[in-house]
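Shown next, in structure tokens, is the structure this report addresses.
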There are 2 protein chains.
Amino acid sequence: MTKYVYMFTEGNAGMKNLLGGKGANLAEMTGLGLPVPRGFTISTEACTRYYDDGGFIAEDIEKEIFDTLAEAEKVVGKKLGDPTNPFLVSVRSGARASMPGMMDTILNLGLNDEVVEGLAALTGNPRFAYDSYRRFITMFSDVVMEISKSKYENVFDSIKEERGAKLDTDLDADAMKEVVKRFLAVYQENKGEPFPQEPKVQLFEAIKAVFRSWNNERAILYRRMNDIPGSWGTAVNVQEMVYGNMGDTSGTGVAFTRNPATGENKLYGEFLMNAQGEDVVAGIRTPQTIDQLKEVMPDVYQQFADIAIKLEQHYKDMQDMEFTIERGQLFMLQTRNGKRTAAAAMKVAVDMVKEGLNTKEQAIMKIDPKQLDALLHPTFEQAALKAATAIARGLPASPGAATGEVYFNAKDATVAAAAGKKVLLVRLETSPEDLAGMDASQGILTGRGGMTSHAAVVARGMGKCCVSGCSDLIIKEEEKYFQTKDGKKYYEGEWISLDGTSGNVYSGKIATEEATLSGDFKTIMDWADEYRTMKIRTNADTVRDAKVAFGLGAEGIGLCRTEHMFFEAERIFAFRQMIVAKTEEARREALEKILPYQQSDFEGLFREMKGYPVTIRLLDPPLHEFLPQAEADIAELATALGMSANELSDVIDSLHELNPMLGHRGCRLAVTYPEIAEMQTKAIISAAIAVNADGGPQVVPEIMIPLVCELKELKFVKNIIVKTADALIEAAGVKMTYSVGTMIEIPRAALTADEIATEAEFFSFGTNDLTQMTYGLSRDDAGKILDAYYQKKIFESDPTARLDTVGVGKLMQIASEAGRKTRPNIKLGICGEHGGDPSSIHFCNTLDFSYVSCSPFRVPIARLAAAQAAIEQR
Amino acid sequence: MTKYVYMFTEGNAGMKNLLGGKGANLAEMTGLGLPVPRGFTISTEACTRYYDDGGFIAEDIEKEIFDTLAEAEKVVGKKLGDPTNPFLVSVRSGARASMPGMMDTILNLGLNDEVVEGLAALTGNPRFAYDSYRRFITMFSDVVMEISKSKYENVFDSIKEERGAKLDTDLDADAMKEVVKRFLAVYQENKGEPFPQEPKVQLFEAIKAVFRSWNNERAILYRRMNDIPGSWGTAVNVQEMVYGNMGDTSGTGVAFTRNPATGENKLYGEFLMNAQGEDVVAGIRTPQTIDQLKEVMPDVYQQFADIAIKLEQHYKDMQDMEFTIERGQLFMLQTRNGKRTAAAAMKVAVDMVKEGLNTKEQAIMKIDPKQLDALLHPTFEQAALKAATAIARGLPASPGAATGEVYFNAKDATVAAAAGKKVLLVRLETSPEDLAGMDASQGILTGRGGMTSHAAVVARGMGKCCVSGCSDLIIKEEEKYFQTKDGKKYYEGEWISLDGTSGNVYSGKIATEEATLSGDFKTIMDWADEYRTMKIRTNADTVRDAKVAFGLGAEGIGLCRTEHMFFEAERIFAFRQMIVAKTEEARREALEKILPYQQSDFEGLFREMKGYPVTIRLLDPPLHEFLPQAEADIAELATALGMSANELSDVIDSLHELNPMLGHRGCRLAVTYPEIAEMQTKAIISAAIAVNADGGPQVVPEIMIPLVCELKELKFVKNIIVKTADALIEAAGVKMTYSVGTMIEIPRAALTADEIATEAEFFSFGTNDLTQMTYGLSRDDAGKILDAYYQKKIFESDPTARLDTVGVGKLMQIASEAGRKTRPNIKLGICGEHGGDPSSIHFCNTLDFSYVSCSPFRVPIARLAAAQAAIEQR
């Protein structure tokens with residue numbers, strides 16, 4: 001029989017999949033003999049079974065929960081619901097992966113009208129007892145019963161008003177009793193029944209509520225953003241309460257073993273005396289730094305600092321810890337690998353190798369490649385920054401530079417970003433409800449909260465710049481403005497700039513500059529290169545992109561989209577002449593004008609890539625994309641082209657397609673207009689001949705034919721290329737090689753890859769189109785559908801963003817195997833957007849690809865991900 | 001070393017793939033000791049090598065040709081180019097499958113300025129010799145050198161004028177010499193060099209020209225229409241000339257061993273005395289019937305009649321023979337299995353079994369299933385026909401009834417048909433250039449030509465009604481009208497009707513009626529049913545369709561497209577209310593109105609199908625298809641819906657998609673609007689309960705979910721169905737079963753069929769969409785692309801019409817195997833348009849499908865094709 005419930009003494013850190021991260025680490029710390037409040041964990045399997053059973057905890061699990069509760073009661077020596085010696089517990093979620101703030105927590109469970117009196121007597125502190133009870137009622141109502149917290153807050157506020165109290169702490173025990181009385185009435189009123197007095201019922205309902213919270217909207221969104229499968233489920237931790245709010249020798253805090261922003265090897269954190277656990281994270285009161293604990297309670301500080309070192313040595317990673325001090329006694333409530341900025345991650349990784357704590361391999365495996373993104377974000381140009389004046393300064397919560405228009409709530413920010421604006425989200429403080437708005441923003445600015453507030457933690461996770469706790473500013477969310485100390489107001493839509501590394505806030509825009517590889521970052525990249533087996537190329541259409549990518553370590557170009565080169569003014573005119581041409585001669589004439597531009601573009605790319613391979617894709621998009629749609633533009637162009645607007649409209653109409661994605665594009669253009677492929681081949685080969693003549697590293701261009709679905713089609717276009725290329729090479733009297741290959745982006749090409757490989761010298765998987773066709777889902781039209789599919793838990797992620805290794809992956813596998821069967825040394829690569837996605841890179845490694853190609857700024861991410869894949873696959 | 005050239009004495013009928021149909025049968029007849037002019041065949045492999053080598057006959061093949069020529073000269077005792085004893089030959093194409101008139105032929109090859117004199121001396125007939133030479137020059141110029149025939153015809157006409165000649169026969173030997181002289185000048189003028197005098201050069205160029213003609217436009221079109229692969233190539237037959245135009249004891253003719261229109265077991269054919277071989281087929285002179293030969297040359301007739309019987313017994317099939325009589329001596333120039341009308345095919349097949357010539361199996365295998373189409377065409381309603389008056393009578397060349405507007409050339413007919421008109425093509429006579437126009441027409445009417453004229457042969461092949469040789473009419477192609485005997489003119493666009501069975505031409509439209517299964521046709525169908533293993537279902541959305549299909553033998557409905565039921569006036573309004581509804585309640589309210597209609601539709605289908613399975617597909621098309629696009633219509637509908645035109649336009653805009661084929665449709669609609677699936681399930685189950693209550697055969701509805709790409713999506717929709725259905729069944733207190741399955745029409749569904757089959761109880765392959773997505777090619781946008789692809793020989797057929805067994809077939813195989821692995825008894829079927837295509841049915845049989853589903857009128861075709869597949873696969 002499956003075991004669903006584990007005492008902390010039964011588990012360990014290796015049981016994370018079963019006990020969740022929090023539960024496994026509580027068990028591990030218990031095993032290490034650290035002071036952990038006792039309790040037990042209900043496993044993630046119980047959660048998945050809860051869902052499989054249709055939202056119902058099966059009887060066998062229920063029995064196991066209460067049997068384990070009895071065991072815990074015996075160990076603790078207290079009893080749930082016993083007024084003379086009450087066992088009070090917290091009920092917390094804890095998934096396999098950390099999902100901070102996404103799911104629900106209930107504290108002080110076990111209190112009822114009788115037990116609260118017992119607690120008052122036991123602690124000699126009736127105010128504390130009733131304060132705990134009112135907190136429990138609020139949380140239980142909110143989390144379990146979906147009664148809005150605001151109903152209780154309103155009542156609380158009116159009592160404060162009645163009693164002339166300004167702060168919560170101004171209310172005495174009597175007042176708190178009154179609060180509880182009225183809270184119980186609010187509950188009765190909303191639910192039509194009294195607040196549950198039976199602690200076992202409270203517990204059982206709370207556990208179910210935590211299971212349910214696995215599928216609340218913000219948890220689903222967070223999972224999608226972080227590639228966490230919905231099938232994992234959450235564990236539930238039931239743990240003895242300890243109280244940081246029992247007076248001046250009590251307190252609560254969070255700390256990291258190293259600085260999560262810089263990586264500096266020094267204990268780093270915050271605490272609040274006489275406070276409940278959640279108060280630090282919520283950021284309502286501004287806390288003290290962990291250093292100050294040394295003065296407040298030197299013994300406790302030392303004990304904690306020793307534990308921190310022990311935990312880091314034990315986990316061989318930087319730890320993020322929560323603790324509570326109850327009347328002078330330290331309790332550890334959580335430890336986990338700490339989230340950190342990308343820069344900190346680099347420093348910690350390199351330092352830990354130097355310290356002998358990790359091997360290079362271990363260091364590489366511990367870095368989340370996605371996080372590198374933050375290191376590749378622009379920083380402010382130093383000159384521009386000097387010229388700027390700071391209007392305020394907050395905490396440097398998440399590094400990076402951001403410039404944008406200010407918006408004061410998540411919704412407005414999301415809408416503005418969707419409209420193409422650069423957005424900064426400004427909030428008093430953020431909550432999980434703000435997630436989508438934060439995601440849509442360039443950076444986040446908050447008026448309250450510390451370095452470990454919600455805004456700070458989430459922004460670091462997202463690799464986004466954040467300045468938190470900026471108390472210099474008066475932020476008016478409702479009125480949509482903020483005011484600086486000197487009285488200047490900034491309204492919605494005005495530009496400011498944020499420096500997440502210094503905490504400075506600037507007025508207006510500040511120019512930014514690109515990141516470079518240096519220091520620890522470079523060290524990590526060099527280590528990664530020692531392990532990876534796949535090459536990393538870049539998708540680049542311009543010399544600028546190619547230069548950036550080369551600087552970031554790209555080993556060639558995997559995809560050059562030639563059509564982007566047609567859009568510059570002079571070229572597009574010639575290209576449009578080509579489109580409206582009625583005869584092959586007229587088309588050739590127009591193409592002749594584009595040829596020199598294309599050739600010089602290719603020369604630039606070849607020079608930039610210094611002999612590394614460059615894959616150039618022939619013209620791909622449908623021709624109508626090159627023509628205007630608006631009437632006025634059509635008229636203007638018609639005049640320029642020397643034709644009537646009607647004639648031009650007819651051309652545009654004739655190019656209209658019902659499903660352009662499945663229409664006249666890719667190599668189909670080369671079949672109908674071979675002269676286009678001919679011109680492009682000329683440009684490519686002539687450019688290579690010219691660059692090779694420099695005497696530098698020799699160019700071996702790879703010419704790629706897009707949208708192939710059938711061998712004969714590939715053969716037809718390849719013939720044009722080979723005929724044109726060979727003639728040029730012969731005429732130039734030089735020796736040079738080139739290769740011709742194809743995109744695999746249509747399901748049929750994958751399915752007939754054995755045939756295709758008879759002619760194709762390389763395959764480049766175009767997983768953007770391949771995914772859309774394999775799913776029968778157009779990315780342009782998927783918005784509405786995906787929303788419904790997320791909501792109904794049919795999809796967990798957008799398959800165009802994260803490679804579907806099941807369906808699309810199967811096609812890739814079929815194609816790779818069939819291609820290699822025909823041509824054992826065929827070069828395989830990927831050039832869709834998945835080429836920069838770590839999990840997709842991993843999959844490509846399992847198929848033993850030669851390379852992945854991604855956008856320039858993802859090259860370092862791909863290098864690291866490829867190294868991790870290679871290490872893991874060994 | 002491969003052998004490329006075969007003497008007729010070296011081959012036999014079994015070598016058709018190598019020698020082509022004509023060559024293999026000439027060899028077979030030679031082997032049977034029949035009088036066949038001697039010669040040799042250059043194989044189809046030589047043709048494919050010609051193309052592989054880039055349009056070039058390799059030296060080894062050239063040597064083999066001339067070595068074999070020398071051998072033939074020895075056997076015949078004549079020499080190519082020897083004026084004293086010249087070997088004159090015909091050079092004819094002959095592919096594996098018969099392609100009448102599609103490729104080129106050259107007669108009288110071997111003549112030159114010297115040989116023509118020798119021939120004149122040998123035959124004592126200078127006029128004949130020069131007539132032969134001028135014919136050769138014309139054919140060689142046209143076929144080999146691409147000099148238009150009209151240039152020679154103009155010269156010929158002016159000589160006739162100069163000499164006051166009305167008919168060709170009015171020209172004497174001198175005049176013919178003059179013709180030849182001027183023809184040689186025309187050649188010199190056009191080519192800039194003299195007409196080739198070296199007969200070996202003539203022969204070599206002619207062979208290459210025949211190879212080239214394999215890829216002329218009309219041959220490619222014919223192949224596409226008849227599913228003949230371009231890779232087959234054509235053989236070339238080089239054969240001693242015999243002359244039917246050597247005077248009154250010479251002649252030429254064609255004949256069938258049985259009547260190709262009715263199947264009657266009686267020699268049937270035509271001949272012309274003193275005529276060249278091509279004159280009969282071209283239909284320029286109206287020939288005599290073969291019976292009349294009995295009187296003209298009784299001995300030759302008897303010899304021919306005996307040969308006919310011998311050949312039919314030998315081939316065990318009706319033969320189509322060509323013969324020439326040279327000065328009283330009979331020569332067989334060709335035999336092949338005769339093309340026949342569908343009715344004749346039925347009768348011949350049944351008769352030959354009765355005669356003991358064939359077994360039932362052999363009879364089934366010899367019928368082309370596609371041909372049955374003709375038997376399923378409507379005939380005129382007897383009452384309507386009695387009321388009509390015939391305006392002319394021609395030959396009943398191809399049976400059936402057709403009504404349409406008259407057009408006088410192929411292009412006009414094609415354009416009008418594309419615009420949706422019912423078209424009849426009226427021509428003086430047809431030529432291979434008219435093929436596309438004939439294909440676009442309902443029927444063909446010609447003024448000249450017999451039962452074996454081009455029009456007649458091609459129309460029978462197409463299963464189209466044809467009245468040929470209608471000399472009652474004066475047809476003015478240029479002026480675009482025809483005139484009846486009483487002077488009435490019918491202009492382009494006027495309606496007439498044709499009866500291909502009687503040969504009658506009627507004025508105006510005549511009502512038609514559906515075909516039924518009876519007589520020989522029924523016998524053949526019954527035989528087919530004895531052999532086939534797959535069930536045949538129909539695609540039917542209406543009771544009318546279901547009734548027709550049931551009458552033609554359908555064993556259930558494989559696809560009922562429910563959306564077609566929404567288009568009737570009252571329903572579409574409610575459906576549009578549903579679309580514009582802003583809340584679920586409003587949507588449900590509108591759906592509630594449609595429910596009774598849907599239920600009664602389904603009751604009708606269930607009753608019609610008498611207990612056979614009925615597969616009903618849930619709503620599939622995108623919602624925008626149900627809304628108007630024109631501004632006026634939008635305004636009108638908005639008023640009816642009680643909303644502003646702007647509001648409605650906004651709804652329509654919001655439904656617009658860039659690629660609707662890959663958009664919001666199929667089960668994606670059920671995911672976003674579960675209430676639609678709920679309503680449809682209610683209608684289906686309630687209808688089944690109602691029909692079952694009659695006490696007749698019990699209905700087991702199969703509910704089909706379209707456009708599934710992922711298991712969870714199928715699960716979601718299936719849950720809605722099951723919940724709704726089970727509740728209804730329980731409420732009704734009845735026992736009934738139903739099943740839930742899915743379309744496999746998205747590549748990913750095929751690739752993940754193992755997962756999908758955990759929930760799907762059946763798979764129905766929707767090969768229309770599956771093909772489009774697998775190819776990345778939208779059928780709606782493919783026109784231009786396909787044209788180019790046919791022209792450049794990349795595609796040979798439209799994959800949406802003929803199943804691509806390589807790519808799409810591989811997906812089907814993957815899905816079938818994976819589906820069966822998960823659920824061994826899973827029901828597999830096909831419901832795309834390929835379900836009615838014989839070659840696709842064949843493929844489905846290899847995958848061991850349970851059934852194929854096709855349009856009602858294709859049910860008999862599918863029954864026969866399935867029987868053939870089963871027999872062949874045994």
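To be explicit about the labels: the chains of the structure tokens are called A, B, and onward in the order shown, and within each one the residues are counted from 1, while ligands get numbers from 1 in the order they are shown.
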
Please identify every residue of chain A that has at least one atom no more than 7 Å from any atom of chain B, counting only C-alpha atoms, and report them as a VMD selection string. chain A and resid 657 to 664 668 672 709 712 to 713 746 to 748 751 to 752 773 to 778 780 to 782 785 788 794 807 810

Hey, what's within 10 Å of A:Met15 if we count only C-alpha atoms and toss same-chain stuff fewer than 2 positions away? As a ChimeraX atom specification, please? /A:11-13,17-21,23-25,27-28,43,96

Written file, previous selection with C-alpha atoms, as a short mmCIF file (atom, residue, chain, number, x, y, z; two decimals), in the first residue's frame:
data_model
loop_
_atom_site.label_atom_id
_atom_site.label_comp_id
_atom_site.auth_asym_id
_atom_site.auth_seq_id
_atom_site.Cartn_x
_atom_site.Cartn_y
_atom_site.Cartn_z
CA GLY A 11 12.05 11.81 5.37
CA ASN A 12 15.18 13.32 3.88
CA ALA A 13 16.28 15.81 1.20
CA ASN A 17 9.50 14.65 -5.42
CA LEU A 18 7.36 12.99 -2.79
CA LEU A 19 7.53 15.46 0.11
CA GLY A 20 7.98 18.70 -1.84
CA GLY A 21 10.99 20.95 -1.35
CA GLY A 23 8.90 19.00 3.47
CA ALA A 24 12.04 17.21 2.30
CA ASN A 25 14.28 19.93 3.72
CA ALA A 27 12.96 16.33 7.29
CA GLU A 28 16.63 16.71 6.32
CA SER A 43 2.88 13.74 0.07
CA ARG A 96 8.71 19.87 -5.68
#

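Residues surrounding A:Phe380 within 10 Å are Ala383, Ala384, Leu385, Lys386, Gly400, Ala401, Ala402, Thr403, Ser497, Leu498, Asp499, Ile510, Ala511, Thr512, Glu513, Glu514 and Ala515 of chain A [only C-alpha atoms; sequence separation below 3 positions excluded].
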
Find the residues near stretch 859-869 of chain B: any atom within 10 Å, counting only C-alpha atoms, skip ones fewer than 5 places away on the same chain, and give them as a PyMOL selection string. chain B and resi 361-362+364-373+375-376+517+521-522+524-539+548-555+835-846+851-854+874

Correct to one decimal, the distance atom CA of B:Thr138-atom CA of B:Glu153 is 8.8 Å

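The environment of stretch 816-831 of chain A within 6 Å, counting only C-alpha atoms and disregarding residues fewer than 6 places along the same chain, consists of Ala753, Asp754, Ala757, Glu761, Phe762, Phe763, Ser764, Phe765, Gly766, Phe849, Ser850, Tyr851, Val852 and Ser853 of chain A.
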
With DSSP run on the backbone, what are the strand (DSSP E or B) residues within stretch 551-657 of chain A? I'd like them as a PyMOL selection string. chain A and resi 557-561+614-617

Selection near stretch 405-409 of chain A, 6 Å with only C-alpha atoms, sequence-local residues under 3 positions removed, as a VMD selection string: chain A and resid 412 to 413 423 to 427 477 480 492 to 495

Please write the residues from the selection above to a file, keeping all heavy atoms, as a CSV table (one decimal), in the first residue's frame.
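again.csv written:
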chain,number,residue,atom,x,y,z
A,412,ASP,N,-3.2,47.7,-16.1
A,412,ASP,CA,-2.8,48.8,-17.0
A,412,ASP,C,-1.4,48.5,-17.6
A,412,ASP,O,-1.2,48.7,-18.8
A,412,ASP,CB,-2.7,50.1,-16.2
A,412,ASP,CG,-4.1,50.6,-15.8
A,412,ASP,OD1,-5.1,50.1,-16.3
A,412,ASP,OD2,-4.1,51.6,-15.0
A,413,ALA,N,-0.5,48.0,-16.8
A,413,ALA,CA,0.8,47.7,-17.3
A,413,ALA,C,0.7,46.6,-18.4
A,413,ALA,O,1.4,46.7,-19.5
A,413,ALA,CB,1.7,47.2,-16.2
A,423,VAL,N,7.2,49.3,-20.4
A,423,VAL,CA,6.5,49.6,-19.2
A,423,VAL,C,7.3,49.4,-18.0
A,423,VAL,O,8.1,48.5,-17.9
A,423,VAL,CB,5.2,48.7,-19.2
A,423,VAL,CG1,4.5,48.7,-17.9
A,423,VAL,CG2,4.3,49.1,-20.3
A,424,LEU,N,7.1,50.3,-17.0
A,424,LEU,CA,7.7,50.0,-15.6
A,424,LEU,C,6.5,50.0,-14.7
A,424,LEU,O,5.6,50.8,-14.7
A,424,LEU,CB,8.6,51.2,-15.2
A,424,LEU,CG,9.9,51.3,-16.0
A,424,LEU,CD1,10.7,52.5,-15.5
A,424,LEU,CD2,10.7,50.1,-16.0
A,425,LEU,N,6.4,48.9,-13.9
A,425,LEU,CA,5.3,48.8,-12.9
A,425,LEU,C,5.7,49.5,-11.6
A,425,LEU,O,6.7,49.1,-11.0
A,425,LEU,CB,5.0,47.3,-12.7
A,425,LEU,CG,3.8,47.1,-11.7
A,425,LEU,CD1,2.5,47.6,-12.3
A,425,LEU,CD2,3.7,45.6,-11.4
A,426,VAL,N,4.9,50.4,-11.2
A,426,VAL,CA,5.1,51.1,-9.9
A,426,VAL,C,4.0,50.8,-8.9
A,426,VAL,O,2.8,50.9,-9.3
A,426,VAL,CB,5.2,52.6,-10.1
A,426,VAL,CG1,5.5,53.4,-8.8
A,426,VAL,CG2,6.2,53.0,-11.2
A,427,ARG,N,4.4,50.2,-7.8
A,427,ARG,CA,3.3,49.7,-6.8
A,427,ARG,C,3.8,50.1,-5.4
A,427,ARG,O,5.0,50.2,-5.2
A,427,ARG,CB,3.2,48.2,-6.9
A,427,ARG,CG,2.7,47.7,-8.2
A,427,ARG,CD,1.2,47.9,-8.4
A,427,ARG,NE,0.4,47.0,-7.6
A,427,ARG,CZ,-0.9,47.3,-7.3
A,427,ARG,NH1,-1.5,48.3,-7.9
A,427,ARG,NH2,-1.6,46.5,-6.5
A,477,GLU,N,-1.5,54.8,-6.0
A,477,GLU,CA,-1.9,53.9,-7.0
A,477,GLU,C,-3.2,54.2,-7.7
A,477,GLU,O,-3.4,54.2,-8.9
A,477,GLU,CB,-2.0,52.5,-6.4
A,477,GLU,CG,-0.7,51.9,-5.9
A,477,GLU,CD,-0.7,50.6,-5.3
A,477,GLU,OE1,-1.9,50.2,-4.9
A,477,GLU,OE2,0.3,49.9,-5.1
A,480,LYS,N,-2.9,57.2,-9.8
A,480,LYS,CA,-2.0,56.9,-10.9
A,480,LYS,C,-0.9,58.0,-11.0
A,480,LYS,O,-0.7,58.5,-12.1
A,480,LYS,CB,-2.8,56.7,-12.2
A,480,LYS,CG,-3.8,55.6,-12.2
A,480,LYS,CD,-4.3,55.2,-13.5
A,480,LYS,CE,-5.3,54.1,-13.4
A,480,LYS,NZ,-5.9,53.7,-14.6
A,492,GLU,N,0.9,58.5,-14.9
A,492,GLU,CA,0.9,57.3,-15.8
A,492,GLU,C,1.4,57.7,-17.2
A,492,GLU,O,1.0,58.8,-17.7
A,492,GLU,CB,-0.5,56.8,-15.9
A,492,GLU,CG,-0.7,55.6,-16.8
A,492,GLU,CD,-2.1,55.1,-16.9
A,492,GLU,OE1,-2.5,54.3,-16.0
A,492,GLU,OE2,-2.8,55.4,-17.8
A,493,GLY,N,2.3,56.9,-17.7
A,493,GLY,CA,2.7,57.2,-19.1
A,493,GLY,C,4.0,58.0,-19.2
A,493,GLY,O,4.7,58.0,-20.2
A,494,GLU,N,4.5,58.6,-18.1
A,494,GLU,CA,5.7,59.3,-18.1
A,494,GLU,C,6.9,58.4,-18.0
A,494,GLU,O,6.8,57.3,-17.4
A,494,GLU,CB,5.7,60.3,-16.9
A,494,GLU,CG,4.8,61.5,-17.2
A,494,GLU,CD,5.0,62.7,-16.3
A,494,GLU,OE1,6.1,63.2,-16.2
A,494,GLU,OE2,4.0,63.1,-15.6
A,495,TRP,N,8.0,58.8,-18.6
A,495,TRP,CA,9.2,58.0,-18.6
A,495,TRP,C,10.1,58.1,-17.4
A,495,TRP,O,10.4,59.3,-17.0
A,495,TRP,CB,10.0,58.3,-19.9
A,495,TRP,CG,9.4,57.7,-21.1
A,495,TRP,CD1,8.4,58.3,-21.9
A,495,TRP,CD2,9.8,56.6,-21.8
A,495,TRP,NE1,8.1,57.6,-22.9
A,495,TRP,CE2,9.0,56.5,-23.0
A,495,TRP,CE3,10.8,55.5,-21.6
A,495,TRP,CZ2,9.1,55.4,-23.9
A,495,TRP,CZ3,10.8,54.5,-22.5
A,495,TRP,CH2,10.0,54.4,-23.6

Set the distance at 8 Å and use only C-alpha atoms: which residues neighbour B:Thr105 once local chain neighbours fewer than 4 positions away are removed? I'd like the list as a PyMOL selection string. chain B and resi 90-93+139+143+210

Using the selection just defined, write its residues with C-alpha atoms as a compact mmCIF listing (two decimals), in the first residue's frame.
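What follows is the written file result-v4.txt:
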# COMPACT_ATOMS: atom_id res chain seq x y z
CA SER B 90 6.48 3.93 -88.14
CA VAL B 91 7.76 5.25 -84.82
CA ARG B 92 5.11 5.11 -82.11
CA SER B 93 4.95 5.65 -78.41
CA MET B 139 4.74 14.76 -89.10
CA VAL B 143 6.65 16.21 -83.80
CA VAL B 210 8.69 10.33 -78.71

Point-to-point distance in Å for atom CA of B:Phe195 and atom CA of B:Arg163: 25.5 Å

Would you return as an MDAnalysis selection string the members of stretch 195-380 of chain A that DSSP assigns to helix (DSSP H, G or I) on this structure's backbone? chainID A and resid 199:213 217:225 278:282 290:296 298:315 342:354 360:365 369:376

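Pairwise distance (atom CA of A:Val180, atom CA of A:Arg134) equals 5.3 Å.
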